[in-house]
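> Below is a structure I'd like to ask you about.
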Amino acid sequence: MALKSCNKVDTNTYEIEVTVAPETFVEATKSAYMKQRKNIQIPGFRKGKATQGMIEKVYGENAFYEDALEIVFPVAVQEAIDEAELRVVDQPYDLDVATMSKAEGIEMKMKLTTYPEVKLGKYKGLKAEYPETEATDEDVEQELKNMQERNSRLVTVEDRAAEMGDTAEIDFEGFVDGEAFEGGKGENFPLELGSGQFIPGFEEQVAGHNIDEDFDVNVTFPEEYEPSLAGKDAVFKCKIHEIKHKELPELDDDFAKDVDDEVDTLDDLKEKLKKQISERKSETAATEYENALVDLVIDGMEAEIPECMNEQKLDELVQDYGYRMQMQGLDMNVYLQYLGQTMEQFKEQFRESAEKQVKIALALEAIVKEENIEATDDEIEEQVKKLAEQYDMEADKIKELVPADQLTQDIKTHKAIDFIVDNAKK
């Protein structure tokens with residue numbers, strides 16, 4: 001197997017010619033025959049007992065060519081890529097097999113998408129505002145409100161109609177053009193009015209109605225909704241079974257002692273919260289500052305990024321989201337039905353983040369190269385130790401699960417960020 005030619009035909013695009021020697025291809029046809037023979041039957045032979053030669057005589061010499069090509073293709077292409085010293089970001093495409101026979105072997109052409117060339121702009125001497133770390137009175141008040149919410153209780157209301165902020169337990173069934181539609185029916189559903197759980201206009205129309213009252217809610221599905229319903233008018237037949245009002249506890253000394261047994265008064269709680277909020281702000285400020293500087297780096301970077309890199313990162317983010325949902329016992333398809341979105345519509349929410357992450361990775365990698373940043377053995381061992389502690393696993397197990405190249409790259413990336421921060425204007 002050999003690289004016959006390699007030519008750049010467009011930005012981030014190369015065309016290569018690859019050859020596979022006749023003897024290598026012959027061996028591949030033998031391997032293909034061994035895999036397929038148990039499934040082949042020809043007259044005069046029991047199933048699985050016909051020789052390769054007999055099968056090729058009946059079905060033609062090329063009977064195993066396609067399977068043999070699948071066998072040699074990955075190795076041949078990878079060897080050609082290595083020989084051409086290309087860094088490929090996607091699978092080969094536009095495959096053209098010019099020759100394929102036992103006598104001549106294989107000659108084929110294909111195109112490859114490669115990593116983009118990155119031209120760094122300014123990455124030293126950058127300036128960004130460092131976020132405020134001192135907790136304000138407004139921060140403390142908001143935290144107290146959150147604590148009130150967490151310690152609230154729902155009290156049944158029977159002497160008035162539902163109001164925004166209440167939780168109404170409702171039955172509903174939706175109709176478009178007089179026909180019920182899939183996913184538009186629910187019973188005893190606890191809907192917090194004003195939460196935005198349902199499509200715009202729905203919750204506002206539930207408010208004002210009483211327990212055991214039958215009423216209609218008229219809405220129009222948003223244009224970005226699930227395609228079969230997008231932009232259509234709908235009528236929901238509704239009935240309220242129960243109304244509950246959220247009752248918040250009083251903000252006083254008793255509340256302070258209930259939520260924190262280390263304080264005696266509300267003022268003590270406020271002081272403690274102020275200190276905790278300041279500590280949290282300090283922890284996040286450094287990350288926000290780093291992110292602001294990295295944003296400046298990618299703003300000044302030039303690179304024609306192959307779309308496949310963005311698509312790969314997009315798929316990765318969506319898969320990660322789906323995995324986290326699965327860990328919580330949620331099914332992605334059910335979740336999409338609840339949102340009224342297709343998978344493609346859902347994915348688009350991650351596109352901007354995916355494209356930015358690709359830019360960041362390329363920029364930091366370019367800085368690593370430009371500044372000759374390396375990862376030492378001690379740094380790798382320290383990273384393994386941190387991961388082992390984080391996931392409560394043995395260090396050797398971490399080394400089995402996380403490739404050494406990935407550990408090295410992660411360390412270099414973090415060091416590149418440190419380099420940007422250390423060289424920023426204070």
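Ligands are numbered from 1 in the order shown, chains are lettered A, B, ... in the order of the structure tokens, and residues start at 1 in each chain.
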Out of region 188-249 of chain A, which residues get helix (DSSP H, G or I) from DSSP, as a list in words?

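Result set for region 188-249 of chain A (helix (DSSP H, G or I)): Phe202, Glu203, Glu204, Gln205 and Val206 of chain A.
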
> Could you write out the selected residues, including N, CA and C atoms, as a PDB file, in the first residue's frame?


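Wrote it out as result_26.pdb, contents follow:
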ATOM      1  N   PHE A 202     -51.115  30.584  26.954  1.00  0.00           N
ATOM      2  CA  PHE A 202     -51.912  29.509  27.566  1.00  0.00           C
ATOM      3  C   PHE A 202     -52.134  29.790  29.055  1.00  0.00           C
ATOM      4  N   GLU A 203     -51.062  30.007  29.786  1.00  0.00           N
ATOM      5  CA  GLU A 203     -51.156  30.130  31.242  1.00  0.00           C
ATOM      6  C   GLU A 203     -51.955  31.362  31.650  1.00  0.00           C
ATOM      7  N   GLU A 204     -51.823  32.448  30.886  1.00  0.00           N
ATOM      8  CA  GLU A 204     -52.563  33.673  31.184  1.00  0.00           C
ATOM      9  C   GLU A 204     -54.076  33.455  31.070  1.00  0.00           C
ATOM     10  N   GLN A 205     -54.486  32.550  30.173  1.00  0.00           N
ATOM     11  CA  GLN A 205     -55.916  32.293  29.979  1.00  0.00           C
ATOM     12  C   GLN A 205     -56.483  31.316  31.010  1.00  0.00           C
ATOM     13  N   VAL A 206     -55.595  30.562  31.662  1.00  0.00           N
ATOM     14  CA  VAL A 206     -56.066  29.693  32.753  1.00  0.00           C
ATOM     15  C   VAL A 206     -56.395  30.551  33.976  1.00  0.00           C
TER      16      VAL A 206
END

> Using only C-alpha atoms, which protein or nucleic acid residues come within 6 Å of region 181-189 of chain A? Drop anything in the same chain fewer than 2 positions from it, and give the result as a list of chain:residue names.

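After dropping sequence-adjacent residues, the list is A:Glu169, A:Ile170, A:Asp171, A:Phe172, A:Glu173, A:Gly174.
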
> Apply DSSP to the structure's backbone, then extract all residues of region 157-219 of chain A labelled strand (DSSP E) and return them as a ChimeraX atom specification.

/A:157,167-176,179-192,214-219

> When you count only C-alpha atoms, which of these residues is closest to Gly300 (chain A): A:Pro249, A:Thr167, A:Ile360, A:Phe215?

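Using only C-alpha atoms, the shortest distance to Gly300 (chain A) belongs to A:Ile360.
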
> Can you pull out the residues contacting Leu251 (chain A)? Cut-off 9 Å, using only C-alpha atoms, and skip same-chain residues under 3 positions away; I want them as a compact mmCIF listing (two decimals) with N, CA, C and O atoms, in the first residue's frame.


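Contents of around-v1.txt, as written:
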# COMPACT_ATOMS: atom_id res chain seq x y z
N LEU A 144 -31.91 35.72 49.84
CA LEU A 144 -32.96 35.52 50.83
C LEU A 144 -34.29 35.15 50.16
O LEU A 144 -35.03 34.29 50.64
N LYS A 145 -34.58 35.80 49.02
CA LYS A 145 -35.80 35.46 48.27
C LYS A 145 -35.75 34.02 47.79
O LYS A 145 -36.76 33.31 47.82
N GLN A 148 -36.50 31.86 50.62
CA GLN A 148 -37.95 31.86 50.88
C GLN A 148 -38.66 30.90 49.94
O GLN A 148 -39.54 30.15 50.36
N LEU A 248 -45.11 32.06 51.26
CA LEU A 248 -43.70 32.27 51.63
C LEU A 248 -43.58 32.53 53.12
O LEU A 248 -44.43 33.24 53.71
N ASP A 254 -36.81 34.05 63.36
CA ASP A 254 -37.20 32.64 63.41
C ASP A 254 -36.87 31.95 62.09
O ASP A 254 -36.42 30.79 62.07
N PHE A 255 -37.13 32.64 60.98
CA PHE A 255 -36.79 32.09 59.66
C PHE A 255 -35.29 31.83 59.57
O PHE A 255 -34.86 30.77 59.10
N ALA A 256 -34.48 32.80 60.04
CA ALA A 256 -33.01 32.67 59.98
C ALA A 256 -32.56 31.43 60.73
O ALA A 256 -31.73 30.65 60.24
N LEU A 266 -31.75 37.39 61.91
CA LEU A 266 -31.77 37.62 60.47
C LEU A 266 -30.54 38.40 60.03
O LEU A 266 -29.98 38.14 58.96

> Do you know which residues are at most 9 Å from Tyr289 (chain A) counting only C-alpha atoms, after dropping those on the same chain fewer than 2 positions away, and could you put them as a PyMOL selection string?

chain A and resi 128-131+284-287+291-294+421
